[in-house]
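A quick write-up on the structure given underneath.
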Amino acid sequence: MIPRFHCPFPLAPGAQVDLPETAAHHALRVLRLKEGAPLILFDGRGGAWQAQIVGAGGTASKVRVSLQTYDPDDRESSLHITLAQALPSGDKMDWVVEKSVELGVTALQPVAAKRCVVKLSAERMARRVTHWNHIASAACEQCQRNRVPPVAPVLDLPQYLANVKGQNALRLLLTPEAGLALRELPQPSGPVIVMVGPEGGWEDNEVQAAQLAGFQPVRLGPRVLRTETAGAAMLAAMQAMWGDF
């Protein structure tokens, strides 16, 4: 399989560009690619380009982008799904981002709920968000998506609910106590927002606030899932029912 790399800057036919440092290291030191080796590059705006290493010295590789788009199929789902994930502990958010991208999520919004155990300074949280965007990029390299879903800066739950209140989207609040099951919903005709709670679940006033913002409580099945499992399971179920599986 030809290696794929994300270049976070616009690509154009005939251009010569330096691979980003991390990608260059992987190409030269891990894959041990030499001059003349083929690559596939994508810039996240759609489509991918055939490329070739024209210089493999030092820590950066020069690549020449071909004149034709290699793959105009972005492998995007017909569903436009935003996953609003309450911050889990440890490095579980890394897993959430990676698997959500593989399952076709359109965007990710980390949310700070009352029972979230992660308490970081603004600077450290900003570094986390940058890290999660790198994970999304790497996941696209692996699963052959050409559009990289953005991971937005963390918002407190009240801020996020205020932001989405006027959006034209089906808003679903995943909770095991909901009376309505996902399978009972009709196929959505527009964007969908799925909000997943923290370890320990939503507080009652958070559920009430979400409902006032237009979120509909829904359960996925009879079992209580971990927060890092719930979003991926929900995405897989929606893709199987309404999307591209």
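Identifiers in this document derive from the order of the structure tokens: chains are assigned A, B, ..., residues are numbered from 1 separately in each chain, and ligands are numbered from 1 in order of occurrence.
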
With only C-alpha atoms counted and 10 Å as the cut-off, give the residues of segment 106-159 of chain A in contact with segment 163-171 of chain A, each with its shortest interatomic distance in Å and the pair that gives it, as a Markdown table.
```
| residue | atom | partner | partner_atom | distance |
| --- | --- | --- | --- | --- |
| A:Leu155 | CA | A:Asn163 | CA | 9.9 |
| A:Leu157 | CA | A:Asn163 | CA | 9.9 |
| A:Pro158 | CA | A:Asn163 | CA | 8.7 |
| A:Gln159 | CA | A:Asn163 | CA | 6.3 |
```

Selection near Pro188 of chain A, 10 Å with only C-alpha atoms, sequence-local residues under 4 positions removed, as a ChimeraX atom specification = /A:79-80,169-170,192,238,242

Store the residues of this selection in a file with C-alpha atoms, as a short mmCIF file (atom, residue, chain, number, x, y, z; two decimals), in the first residue's frame.
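What landed in out-v9.cif:
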```cif
data_model
loop_
_atom_site.label_atom_id
_atom_site.label_comp_id
_atom_site.auth_asym_id
_atom_site.auth_seq_id
_atom_site.Cartn_x
_atom_site.Cartn_y
_atom_site.Cartn_z
CA LEU A 79 -24.46 11.64 7.59
CA HIS A 80 -23.17 14.92 9.01
CA ALA A 169 -29.75 19.81 13.60
CA LEU A 170 -31.20 16.72 15.23
CA VAL A 192 -27.01 15.31 13.78
CA MET A 238 -26.19 5.37 13.04
CA TRP A 242 -28.76 5.49 7.99
#
```

Can you list, as a PyMOL selection string, every protein, DNA or RNA residue that comes within 10 Å of Asn133 of chain A when you count only C-alpha atoms, leaving out same-chain residues fewer than 2 positions away?
-> chain A and resi 94+97-98+108+127-131+135-139+148-152

If you run DSSP over the backbone, which residues in segment 49-156 of chain A end up strand (DSSP E or B)? Put them as a ChimeraX atom specification.
-> /A:49-55,62-69,81-86,107-112,151,155-156

Taking only C-alpha atoms into account, which of A:Gly201, A:Pro110, A:Gly47, A:Gly231 comes nearest Glu177 of chain A?
->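 Of the candidates, the smallest distance to Glu177 of chain A is held by A:Gly201.
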
Distance query Met241 of chain A at most 9 Å, only C-alpha atoms, self and fewer than 5 positions along chain excluded, as a ChimeraX atom specification = /A:183,187,236

How would the residues just picked look written out with C-alpha atoms as a tab-separated table (two decimals), in the first residue's frame?
```
chain	number	residue	atom	x	y	z
A	183	ARG	CA	-33.77	2.42	16.56
A	187	GLN	CA	-33.78	8.73	9.44
A	236	ALA	CA	-21.46	2.73	14.30
```

Could you tell me, as number ranges by chain, which residues of segment 40-245 of chain A DSSP assigns to helix (DSSP H, G or I) when given the backbone?
-> A: 92-102, 122-143, 157-164, 182-184, 204-212, 227-242

From A:Ala240, A:Cys116, A:Ala84, A:Gln142, residue lying nearest Ala210 of chain A [only C-alpha atoms] | A:Ala84

Contacts of Arg115 of chain A at 8 Å or less, counting only C-alpha atoms, minus same-chain residues fewer than 5 places along, as number ranges by chain?
-> A: 198-203
